[in-house]
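Coordinates as given in entry.cif (mmCIF, C-alpha atoms):
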data_target
loop_
_atom_site.group_PDB
_atom_site.id
_atom_site.type_symbol
_atom_site.label_atom_id
_atom_site.label_comp_id
_atom_site.auth_asym_id
_atom_site.auth_seq_id
_atom_site.Cartn_x
_atom_site.Cartn_y
_atom_site.Cartn_z
ATOM 1 C CA MET P 1058 6.723 11.473 8.342
ATOM 2 C CA ILE P 1059 5.934 11.995 12.041
ATOM 3 C CA SER P 1060 8.279 10.198 14.457
ATOM 4 C CA ARG P 1061 7.755 9.088 18.044
ATOM 5 C CA ASN P 1062 9.699 12.069 19.410
ATOM 6 C CA ASP P 1063 7.940 14.738 17.342
ATOM 7 C CA PRO P 1064 5.229 16.941 18.895
ATOM 8 C CA CYS P 1065 1.890 15.147 18.912
ATOM 9 C CA TRP P 1066 -0.502 16.016 16.092
ATOM 10 C CA CYS P 1067 -3.223 16.927 18.647
ATOM 11 C CA GLY P 1068 -1.447 20.118 19.765
ATOM 12 C CA SER P 1069 -0.868 19.012 23.360
ATOM 13 C CA GLN P 1070 2.840 20.010 23.117
ATOM 14 C CA LYS P 1071 3.728 16.500 24.326
ATOM 15 C CA LYS P 1072 5.820 14.099 22.305
ATOM 16 C CA TRP P 1073 3.739 11.789 20.108
ATOM 17 C CA LYS P 1074 5.027 8.719 22.005
ATOM 18 C CA LYS P 1075 3.776 10.227 25.283
ATOM 19 C CA CYS P 1076 0.399 11.293 23.941
ATOM 20 C CA HIS P 1077 -1.519 9.695 21.037
ATOM 21 C CA PHE P 1078 1.040 7.119 19.892
ATOM 22 C CA PRO P 1079 -0.961 3.882 19.340
ATOM 23 C CA LYS P 1080 -0.486 1.194 21.971
ATOM 24 C CA THR P 1081 0.766 -2.100 20.524
ATOM 25 C CA THR P 1082 -0.056 -4.118 23.628
ATOM 26 C CA PRO P 1083 -3.488 -3.079 24.919
ATOM 27 C CA ASP P 1084 -4.605 -4.442 28.278
ATOM 28 C CA ASP P 1085 -7.445 -6.386 26.655
ATOM 29 C CA PHE P 1086 -5.195 -8.377 24.326
ATOM 30 C CA SER P 1087 -6.367 -11.983 24.102
ATOM 31 C CA SER P 1088 -4.081 -14.992 24.416
ATOM 32 C CA ILE P 1089 -3.998 -15.377 20.612
ATOM 33 C CA SER P 1090 -3.039 -11.716 20.285
ATOM 34 C CA LYS P 1091 -0.190 -12.145 22.748
ATOM 35 C CA SER P 1092 0.893 -15.327 20.972
ATOM 36 C CA TYR P 1093 0.966 -13.694 17.513
ATOM 37 C CA LEU P 1094 2.850 -10.679 18.834
ATOM 38 C CA LYS P 1095 5.464 -12.862 20.547
ATOM 39 C CA LYS P 1096 5.818 -15.501 17.824
ATOM 40 C CA TYR P 1097 5.497 -13.407 14.649
ATOM 41 C CA GLY P 1098 5.618 -9.755 15.753
ATOM 42 C CA ILE P 1099 2.090 -9.400 14.328
ATOM 43 C CA ILE P 1100 -0.197 -6.884 16.038
ATOM 44 C CA LEU P 1101 -3.786 -8.150 16.100
ATOM 45 C CA LYS P 1102 -5.917 -5.053 16.346
ATOM 46 C CA THR P 1103 -8.515 -4.394 19.022
ATOM 47 C CA PRO P 1104 -12.013 -3.171 18.054
ATOM 48 C CA SER P 1105 -11.103 0.418 18.974
ATOM 49 C CA GLN P 1106 -7.919 0.262 16.894
ATOM 50 C CA ILE P 1107 -9.809 -1.253 13.974
ATOM 51 C CA GLU P 1108 -12.308 1.595 13.999
ATOM 52 C CA LYS P 1109 -9.502 4.171 13.833
ATOM 53 C CA ILE P 1110 -7.665 2.236 11.116
ATOM 54 C CA ARG P 1111 -10.932 1.995 9.186
ATOM 55 C CA LYS P 1112 -11.264 5.803 9.254
ATOM 56 C CA ALA P 1113 -7.652 6.261 8.097
ATOM 57 C CA CYS P 1114 -8.246 3.775 5.285
ATOM 58 C CA LYS P 1115 -11.418 5.524 4.145
ATOM 59 C CA LEU P 1116 -9.526 8.806 4.019
ATOM 60 C CA ALA P 1117 -6.630 7.290 2.040
ATOM 61 C CA ALA P 1118 -9.113 5.722 -0.390
ATOM 62 C CA SER P 1119 -10.959 9.012 -0.853
ATOM 63 C CA ILE P 1120 -7.741 10.948 -1.476
ATOM 64 C CA CYS P 1121 -6.478 8.276 -3.876
ATOM 65 C CA LYS P 1122 -9.750 8.390 -5.836
ATOM 66 C CA THR P 1123 -9.518 12.190 -6.180
ATOM 67 C CA LEU P 1124 -5.887 12.057 -7.291
ATOM 68 C CA CYS P 1125 -6.629 9.348 -9.855
ATOM 69 C CA GLU P 1126 -9.461 11.416 -11.307
ATOM 70 C CA ALA P 1127 -6.973 14.261 -11.778
ATOM 71 C CA ALA P 1128 -4.379 12.099 -13.557
ATOM 72 C CA LYS P 1129 -5.012 13.180 -17.143
ATOM 73 C CA GLU P 1130 -2.962 14.086 -20.200
ATOM 74 C CA GLY P 1131 -0.846 17.200 -19.536
ATOM 75 C CA VAL P 1132 -1.023 16.959 -15.729
ATOM 76 C CA THR P 1133 2.308 16.487 -13.947
ATOM 77 C CA THR P 1134 2.832 14.104 -11.059
ATOM 78 C CA LYS P 1135 4.147 17.094 -9.112
ATOM 79 C CA GLN P 1136 0.699 18.670 -9.461
ATOM 80 C CA ILE P 1137 -0.844 15.438 -8.186
ATOM 81 C CA ASP P 1138 1.520 15.555 -5.223
ATOM 82 C CA GLN P 1139 0.438 19.132 -4.435
ATOM 83 C CA MET P 1140 -3.183 17.966 -4.483
ATOM 84 C CA SER P 1141 -2.214 15.279 -1.977
ATOM 85 C CA ILE P 1142 -0.642 17.908 0.275
ATOM 86 C CA ASP P 1143 -3.792 20.028 0.144
ATOM 87 C CA LEU P 1144 -6.185 17.120 0.732
ATOM 88 C CA HIS P 1145 -4.235 15.782 3.702
ATOM 89 C CA LYS P 1146 -4.048 19.244 5.232
ATOM 90 C CA LYS P 1147 -7.798 19.743 4.793
ATOM 91 C CA ALA P 1148 -8.445 16.407 6.564
ATOM 92 C CA ASN P 1149 -6.006 17.232 9.398
ATOM 93 C CA ALA P 1150 -4.038 14.156 8.343
ATOM 94 C CA ILE P 1151 -0.412 13.380 7.538
ATOM 95 C CA PRO P 1152 0.866 11.834 4.268
ATOM 96 C CA ALA P 1153 2.984 8.958 5.566
ATOM 97 C CA PRO P 1154 5.488 8.738 2.656
ATOM 98 C CA TYR P 1155 6.766 12.303 3.100
ATOM 99 C CA HIS P 1156 10.346 12.171 4.407
ATOM 100 C CA TYR P 1157 9.965 8.461 5.151
ATOM 101 C CA GLY P 1158 13.050 6.248 5.041
ATOM 102 C CA THR P 1159 16.678 6.790 4.020
ATOM 103 C CA PRO P 1160 17.162 8.879 1.993
ATOM 104 C CA PRO P 1161 13.959 10.714 3.000
ATOM 105 C CA PHE P 1162 11.272 10.217 0.362
ATOM 106 C CA PRO P 1163 10.640 13.656 -1.197
ATOM 107 C CA GLY P 1164 6.940 13.270 -2.112
ATOM 108 C CA THR P 1165 3.688 12.814 -0.223
ATOM 109 C CA VAL P 1166 2.507 10.113 -2.640
ATOM 110 C CA CYS P 1167 4.246 7.626 -4.919
ATOM 111 C CA THR P 1168 3.524 8.177 -8.611
ATOM 112 C CA SER P 1169 4.850 5.252 -10.661
ATOM 113 C CA VAL P 1170 4.551 5.680 -14.438
ATOM 114 C CA ASN P 1171 4.919 2.965 -17.104
ATOM 115 C CA ASP P 1172 8.094 0.955 -16.323
ATOM 116 C CA VAL P 1173 8.303 2.169 -12.716
ATOM 117 C CA ILE P 1174 7.433 -0.754 -10.459
ATOM 118 C CA CYS P 1175 6.972 1.330 -7.318
ATOM 119 C CA HIS P 1176 8.175 4.372 -5.330
ATOM 120 C CA GLY P 1177 7.932 6.776 -8.242
ATOM 121 C CA ILE P 1178 8.879 10.306 -7.183
ATOM 122 C CA PRO P 1179 6.529 13.119 -8.287
ATOM 123 C CA ASN P 1180 8.156 15.366 -10.905
ATOM 124 C CA ASP P 1181 7.420 17.997 -13.555
ATOM 125 C CA THR P 1182 6.988 15.619 -16.513
ATOM 126 C CA PRO P 1183 3.433 15.875 -17.919
ATOM 127 C CA LEU P 1184 1.458 12.672 -18.338
ATOM 128 C CA LYS P 1185 0.795 11.751 -21.959
ATOM 129 C CA LYS P 1186 -1.706 9.605 -23.832
ATOM 130 C CA GLY P 1187 -0.851 5.939 -23.517
ATOM 131 C CA ASP P 1188 0.784 6.235 -20.090
ATOM 132 C CA ILE P 1189 -0.244 4.068 -17.184
ATOM 133 C CA ILE P 1190 0.334 5.361 -13.667
ATOM 134 C CA ASN P 1191 0.022 3.947 -10.176
ATOM 135 C CA ILE P 1192 -0.852 6.442 -7.438
ATOM 136 C CA ASP P 1193 -0.033 5.123 -3.966
ATOM 137 C CA VAL P 1194 -1.495 6.932 -0.940
ATOM 138 C CA THR P 1195 -0.833 6.258 2.732
ATOM 139 C CA SER P 1196 -2.576 8.556 5.199
ATOM 140 C CA ILE P 1197 -2.056 8.947 8.942
ATOM 141 C CA LEU P 1198 -5.259 10.004 10.669
ATOM 142 C CA ASP P 1199 -5.288 10.404 14.458
ATOM 143 C CA GLY P 1200 -2.080 8.367 14.566
ATOM 144 C CA TYR P 1201 -3.378 5.388 12.533
ATOM 145 C CA TYR P 1202 -2.506 4.358 8.972
ATOM 146 C CA GLY P 1203 -4.490 3.605 5.813
ATOM 147 C CA ASP P 1204 -2.688 2.412 2.664
ATOM 148 C CA THR P 1205 -3.997 1.987 -0.889
ATOM 149 C CA SER P 1206 -3.091 2.441 -4.549
ATOM 150 C CA LYS P 1207 -4.848 2.448 -7.902
ATOM 151 C CA MET P 1208 -3.897 2.400 -11.567
ATOM 152 C CA VAL P 1209 -4.929 5.007 -14.140
ATOM 153 C CA CYS P 1210 -4.770 4.636 -17.917
ATOM 154 C CA VAL P 1211 -4.184 8.007 -19.571
ATOM 155 C CA GLY P 1212 -6.342 8.034 -22.695
ATOM 156 C CA LEU P 1213 -6.159 5.054 -25.016
ATOM 157 C CA VAL P 1214 -3.388 2.645 -24.032
ATOM 158 C CA SER P 1215 -1.750 -0.324 -25.731
ATOM 159 C CA GLU P 1216 -2.967 -3.921 -25.563
ATOM 160 C CA GLU P 1217 -0.007 -4.768 -23.319
ATOM 161 C CA ALA P 1218 -0.845 -1.888 -20.985
ATOM 162 C CA THR P 1219 -4.467 -3.006 -20.760
ATOM 163 C CA ARG P 1220 -3.413 -6.585 -20.098
ATOM 164 C CA VAL P 1221 -0.976 -5.794 -17.302
ATOM 165 C CA VAL P 1222 -3.358 -3.336 -15.605
ATOM 166 C CA GLU P 1223 -6.296 -5.759 -15.712
ATOM 167 C CA THR P 1224 -4.136 -8.722 -14.691
ATOM 168 C CA SER P 1225 -2.711 -6.937 -11.655
ATOM 169 C CA TYR P 1226 -6.194 -5.952 -10.477
ATOM 170 C CA ILE P 1227 -7.535 -9.493 -10.765
ATOM 171 C CA CYS P 1228 -4.392 -10.838 -9.042
ATOM 172 C CA MET P 1229 -5.122 -8.555 -6.087
ATOM 173 C CA MET P 1230 -8.810 -9.453 -5.915
ATOM 174 C CA ASN P 1231 -8.166 -13.204 -6.285
ATOM 175 C CA ALA P 1232 -5.726 -13.001 -3.379
ATOM 176 C CA ILE P 1233 -8.139 -10.992 -1.229
ATOM 177 C CA GLU P 1234 -10.964 -13.442 -1.900
ATOM 178 C CA ARG P 1235 -8.883 -16.305 -0.499
ATOM 179 C CA CYS P 1236 -8.458 -14.525 2.834
ATOM 180 C CA LYS P 1237 -10.283 -15.863 5.865
ATOM 181 C CA PRO P 1238 -9.319 -17.270 9.286
ATOM 182 C CA GLY P 1239 -7.204 -20.407 9.009
ATOM 183 C CA VAL P 1240 -5.924 -19.733 5.489
ATOM 184 C CA LEU P 1241 -2.125 -19.656 5.353
ATOM 185 C CA LEU P 1242 -0.407 -16.393 4.458
ATOM 186 C CA SER P 1243 1.406 -18.234 1.650
ATOM 187 C CA GLU P 1244 -1.879 -18.746 -0.222
ATOM 188 C CA ILE P 1245 -1.923 -15.035 -1.095
ATOM 189 C CA GLY P 1246 1.211 -15.488 -3.190
ATOM 190 C CA ASP P 1247 -0.223 -18.665 -4.731
ATOM 191 C CA ALA P 1248 -3.340 -16.829 -5.931
ATOM 192 C CA ILE P 1249 -1.313 -13.953 -7.390
ATOM 193 C CA GLU P 1250 1.184 -16.110 -9.291
ATOM 194 C CA GLU P 1251 -1.494 -18.421 -10.672
ATOM 195 C CA HIS P 1252 -3.422 -15.648 -12.401
ATOM 196 C CA ALA P 1253 -0.367 -13.629 -13.487
ATOM 197 C CA HIS P 1254 1.255 -16.594 -15.212
ATOM 198 C CA LYS P 1255 -2.010 -17.513 -16.960
ATOM 199 C CA ASN P 1256 -1.881 -14.071 -18.557
ATOM 200 C CA ASN P 1257 1.806 -14.208 -19.546
ATOM 201 C CA CYS P 1258 2.848 -11.720 -16.887
ATOM 202 C CA SER P 1259 5.566 -11.959 -14.250
ATOM 203 C CA VAL P 1260 5.334 -11.241 -10.523
ATOM 204 C CA VAL P 1261 7.811 -8.960 -8.738
ATOM 205 C CA ASN P 1262 9.581 -10.647 -5.820
ATOM 206 C CA GLN P 1263 11.819 -7.746 -4.696
ATOM 207 C CA PHE P 1264 9.034 -5.985 -2.790
ATOM 208 C CA VAL P 1265 6.265 -7.184 -0.483
ATOM 209 C CA GLY P 1266 2.987 -6.232 1.109
ATOM 210 C CA HIS P 1267 2.901 -5.819 4.878
ATOM 211 C CA GLY P 1268 0.971 -5.388 8.056
ATOM 212 C CA VAL P 1269 -0.295 -1.844 8.573
ATOM 213 C CA GLY P 1270 -2.454 0.265 10.864
ATOM 214 C CA VAL P 1271 -0.584 1.026 14.064
ATOM 215 C CA LYS P 1272 2.601 1.565 12.054
ATOM 216 C CA PHE P 1273 3.336 2.207 8.367
ATOM 217 C CA HIS P 1274 5.052 -1.153 7.935
ATOM 218 C CA GLU P 1275 4.385 -3.958 10.420
ATOM 219 C CA PRO P 1276 4.893 -7.720 10.300
ATOM 220 C CA PRO P 1277 4.060 -9.890 8.517
ATOM 221 C CA GLN P 1278 5.561 -9.528 5.090
ATOM 222 C CA VAL P 1279 2.972 -10.410 2.437
ATOM 223 C CA LEU P 1280 4.778 -11.981 -0.510
ATOM 224 C CA PHE P 1281 3.388 -11.787 -4.055
ATOM 225 C CA THR P 1282 5.024 -15.026 -5.233
ATOM 226 C CA LYS P 1283 4.797 -18.628 -4.043
ATOM 227 C CA ASN P 1284 6.430 -18.919 -0.621
ATOM 228 C CA ASN P 1285 6.591 -20.836 2.654
ATOM 229 C CA MET P 1286 4.929 -18.296 4.973
ATOM 230 C CA LYS P 1287 2.868 -20.820 6.943
ATOM 231 C CA ILE P 1288 1.240 -18.281 9.241
ATOM 232 C CA PRO P 1289 -2.527 -18.817 9.590
ATOM 233 C CA LEU P 1290 -4.641 -15.714 9.073
ATOM 234 C CA VAL P 1291 -6.650 -14.785 12.162
ATOM 235 C CA PRO P 1292 -9.243 -12.100 12.972
ATOM 236 C CA GLY P 1293 -7.722 -8.736 13.790
ATOM 237 C CA MET P 1294 -4.907 -8.882 11.232
ATOM 238 C CA THR P 1295 -4.697 -5.814 9.007
ATOM 239 C CA ILE P 1296 -2.498 -6.284 5.941
ATOM 240 C CA THR P 1297 -1.915 -4.812 2.519
ATOM 241 C CA ILE P 1298 -2.326 -6.915 -0.602
ATOM 242 C CA GLU P 1299 -0.491 -5.086 -3.376
ATOM 243 C CA PRO P 1300 0.864 -7.317 -6.153
ATOM 244 C CA MET P 1301 3.322 -5.734 -8.573
ATOM 245 C CA ILE P 1302 2.914 -7.335 -11.988
ATOM 246 C CA ASN P 1303 5.213 -6.892 -15.003
ATOM 247 C CA ILE P 1304 4.629 -7.489 -18.696
ATOM 248 C CA GLY P 1305 8.239 -8.687 -19.105
ATOM 249 C CA SER P 1306 10.935 -9.697 -16.634
ATOM 250 C CA GLN P 1307 10.058 -9.816 -12.944
ATOM 251 C CA LYS P 1308 13.377 -8.159 -12.101
ATOM 252 C CA GLY P 1309 13.883 -4.483 -11.380
ATOM 253 C CA TYR P 1310 16.530 -2.056 -10.243
ATOM 254 C CA ILE P 1311 16.544 1.022 -8.006
ATOM 255 C CA GLU P 1312 17.829 4.280 -9.453
ATOM 256 C CA GLU P 1313 21.100 5.159 -7.727
ATOM 257 C CA GLU P 1314 20.583 8.905 -8.052
ATOM 258 C CA ASN P 1315 17.557 8.931 -5.728
ATOM 259 C CA GLY P 1316 17.641 5.589 -3.912
ATOM 260 C CA TRP P 1317 13.895 5.069 -4.368
ATOM 261 C CA VAL P 1318 12.513 4.710 -7.907
ATOM 262 C CA ALA P 1319 12.306 1.022 -8.883
ATOM 263 C CA ARG P 1320 12.127 0.289 -12.626
ATOM 264 C CA THR P 1321 11.757 -2.946 -14.565
ATOM 265 C CA ILE P 1322 15.135 -4.164 -15.730
ATOM 266 C CA ASP P 1323 13.884 -4.447 -19.330
ATOM 267 C CA HIS P 1324 11.905 -1.158 -19.140
ATOM 268 C CA LYS P 1325 8.662 -2.935 -19.947
ATOM 269 C CA LEU P 1326 5.406 -1.974 -18.257
ATOM 270 C CA SER P 1327 4.563 -2.644 -14.613
ATOM 271 C CA SER P 1328 1.236 -2.347 -12.780
ATOM 272 C CA GLN P 1329 0.085 -2.463 -9.164
ATOM 273 C CA TRP P 1330 -3.151 -2.190 -7.192
ATOM 274 C CA GLU P 1331 -3.357 -2.150 -3.407
ATOM 275 C CA HIS P 1332 -5.960 -2.559 -0.696
ATOM 276 C CA THR P 1333 -5.669 -2.694 3.070
ATOM 277 C CA ILE P 1334 -7.809 -5.532 4.373
ATOM 278 C CA LEU P 1335 -8.967 -6.703 7.791
ATOM 279 C CA ILE P 1336 -9.301 -10.397 8.559
ATOM 280 C CA THR P 1337 -12.699 -10.852 10.193
ATOM 281 C CA GLU P 1338 -14.369 -13.764 11.994
ATOM 282 C CA ASN P 1339 -15.965 -14.917 8.721
ATOM 283 C CA GLY P 1340 -13.577 -13.706 6.028
ATOM 284 C CA TYR P 1341 -12.260 -10.277 5.184
ATOM 285 C CA GLU P 1342 -13.216 -6.615 4.962
ATOM 286 C CA ILE P 1343 -11.636 -4.305 2.391
ATOM 287 C CA LEU P 1344 -10.928 -1.219 4.455
ATOM 288 C CA THR P 1345 -9.822 0.953 1.512
ATOM 289 C CA GLN P 1346 -12.909 0.396 -0.619
ATOM 290 C CA VAL P 1347 -14.352 3.713 -1.801
#

What does the file become when written as structure tokens?
Amino acid sequence: MISRNDPCWCGSQKKWKKCHFPKTTPDDFSSISKSYLKKYGIILKTPSQIEKIRKACKLAASICKTLCEAAKEGVTTKQIDQMSIDLHKKANAIPAPYHYGTPPFPGTVCTSVNDVICHGIPNDTPLKKGDIINIDVTSILDGYYGDTSKMVCVGLVSEEATRVVETSYICMMNAIERCKPGVLLSEIGDAIEEHAHKNNCSVVNQFVGHGVGVKFHEPPQVLFTKNNMKIPLVPGMTITIEPMINIGSQKGYIEEENGWVARTIDHKLSSQWEHTILITENGYEILTQV
């Protein structure tokens, strides 16, 4: 994970913060942009920022698609991680998860298998028939971020696995389809919970979606469950919608030995899909659509 004081990716020998670090307060910010930044900490993106975020999102989506195609029986998640390393290097991009956080995340992608809710660490265990896996990719391209994840079913899977994978996808799409200027941020959680509960699934409330683009994680938090986030969506917002849906209990725990891997408390299946979206003048644009 590149930090503000690291050498800039462009090779100028300057620190990133003094060279290509994205500006959060451009000179052409409108009054609504200034208001959202001051009131909520939300960065409404300028057209030039949006174009760069769009490119980062397209790259993340392309890499995620390639990794998902490789996720077959007998392949290890460590091999998938190595593919991520190679693909990011080829694109002159940086995998944002690598060494992110405390303790530093050890992989370049998150690979969450079966009962892992999120933040699965790549390892040497081969995938087997019946597994479901989420592959979560965040790419930094020219200093801007794109974030997406997809589910893969390895061979034939159980009825429960099919149900949770399909439910989580529809939850995400239902939430995205509600997004347009004037809609409250809380309606995203409403859409997710409504469909999940109809399909006898639970919704994780320990993790959230987020703003993204200039930074890896920006305000606002995007909750998956019903909530009181009465922030109206406005053009220029870039957020992730990434519901985590469980077949059993909504509760999870984080493995103490690594400080990252989150598993369902009952070890039942979990599924997640993720898109980065842009709020436009008329609705939304899915930036991570392949």

Exactly which residues make up the result of the PyMOL selection byres ((chain P and resi 1239-1255) around 7) on this file, given as a list in words?
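On this input, the PyMOL selection byres ((chain P and resi 1239-1255) around 7) captures Thr1224, Cys1228, Met1229, Asn1231, Ala1232, Cys1236, Lys1237, Pro1238, Asn1256, Asn1257, Cys1258, Ser1259, Val1260, Leu1280, Phe1281, Thr1282, Lys1283, Asn1284, Asn1285, Met1286, Lys1287, Ile1288, Pro1289, Leu1290 and Val1291 of chain P.
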
Mind pulling up the distance from CA of Gln1329 in chain P to CA of Gly1309 in chain P?
14.1 Å

The PyMOL selection byres ((chain P and resi 1127-1130) around 7) applied to the shown file, residues as number ranges by chain
P: 1123-1126, 1131-1132, 1184-1186, 1211

CA of Ile1100 in chain P to CA of Met1294 in chain P, distance in Å rounded to a single decimal
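Distance between the two atoms: 7.0 Å.
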
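Of the listed residues (P:Ile1304, P:Met1208, P:Cys1167, P:Ile1174), P:Ile1174 comes nearest to Val1265 in chain P; the distances count all atoms listed in the file.
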
Set out as JSON lines a contact list for range 1282-1315 of chain P and range 1335-1345 of chain P with a cut-off of 6 Å, giving each residue of range 1282-1315 of chain P that qualifies its closest atom pair and distance in Å to one decimal, counting only C-alpha atoms, ordered by chain and rising residue number.
{"residue": "P:Pro1292", "atom": "CA", "partner": "P:Thr1337", "partner_atom": "CA", "distance": 4.6}
{"residue": "P:Gly1293", "atom": "CA", "partner": "P:Ile1336", "partner_atom": "CA", "distance": 5.7}
{"residue": "P:Met1294", "atom": "CA", "partner": "P:Ile1336", "partner_atom": "CA", "distance": 5.4}
{"residue": "P:Thr1295", "atom": "CA", "partner": "P:Leu1335", "partner_atom": "CA", "distance": 4.5}

For C-alpha atoms, I'd like the residues from the last selection saved as an mmCIF file, in the frame of the given file.
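Contents of again.cif, freshly written:
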data_model
loop_
_atom_site.group_PDB
_atom_site.id
_atom_site.type_symbol
_atom_site.label_atom_id
_atom_site.label_comp_id
_atom_site.auth_asym_id
_atom_site.auth_seq_id
_atom_site.Cartn_x
_atom_site.Cartn_y
_atom_site.Cartn_z
ATOM 1 C CA PRO P 1292 -9.243 -12.100 12.972
ATOM 2 C CA GLY P 1293 -7.722 -8.736 13.790
ATOM 3 C CA MET P 1294 -4.907 -8.882 11.232
ATOM 4 C CA THR P 1295 -4.697 -5.814 9.007
#

Given the file above and the PyMOL selection byres ((chain P and resi 1115) around 9), which residues are selected, and can you give them as an NGL selection string?
:P and (1110-1114 or 1116-1120 or 1203 or 1344-1347)

Listed atoms of range 1301-1308 of chain P boxed along x, y and z, 5 Å each side, centre and edge lengths in Å, one decimal, as lines of an AutoDock Vina configuration file:
center_x = 8.1
center_y = -7.8
center_z = -13.8
size_x = 20.5
size_y = 14.1
size_z = 20.5

Would you kindly identify which residues have an atom no farther than 8 Å from (-3.5, 5.2, -25.7), using all atoms listed in the file and the file's own coordinates, and write them out as a ChimeraX atom specification?
/P:1186-1188,1210-1215

Expected file: the selected residues, C-alpha atoms, as a short mmCIF file (atom, residue, chain, number, x, y, z; two decimals), in the coordinates of the input:
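After the write, out.cif holds the following:
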data_model
loop_
_atom_site.label_atom_id
_atom_site.label_comp_id
_atom_site.auth_asym_id
_atom_site.auth_seq_id
_atom_site.Cartn_x
_atom_site.Cartn_y
_atom_site.Cartn_z
CA LYS P 1186 -1.71 9.60 -23.83
CA GLY P 1187 -0.85 5.94 -23.52
CA ASP P 1188 0.78 6.24 -20.09
CA CYS P 1210 -4.77 4.64 -17.92
CA VAL P 1211 -4.18 8.01 -19.57
CA GLY P 1212 -6.34 8.03 -22.70
CA LEU P 1213 -6.16 5.05 -25.02
CA VAL P 1214 -3.39 2.64 -24.03
CA SER P 1215 -1.75 -0.32 -25.73
#

From the list P:Gln1263, P:Thr1219, P:Thr1195, P:Ser1328, which residue is nearest Thr1297 in chain P when using all atoms listed in the file?
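For Thr1297 in chain P, the nearest of the candidates is P:Thr1195.
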
Contacts of Asn1315 in chain P at 9 Å (all atoms listed in the file; same-chain gap of 5+ positions) as number ranges by chain
P: 1160, 1162, 1178

Just to confirm, what's the straight-line distance from CA of Asp1323 in chain P to CA of Thr1165 in chain P in Å (one decimal)?
27.7 Å
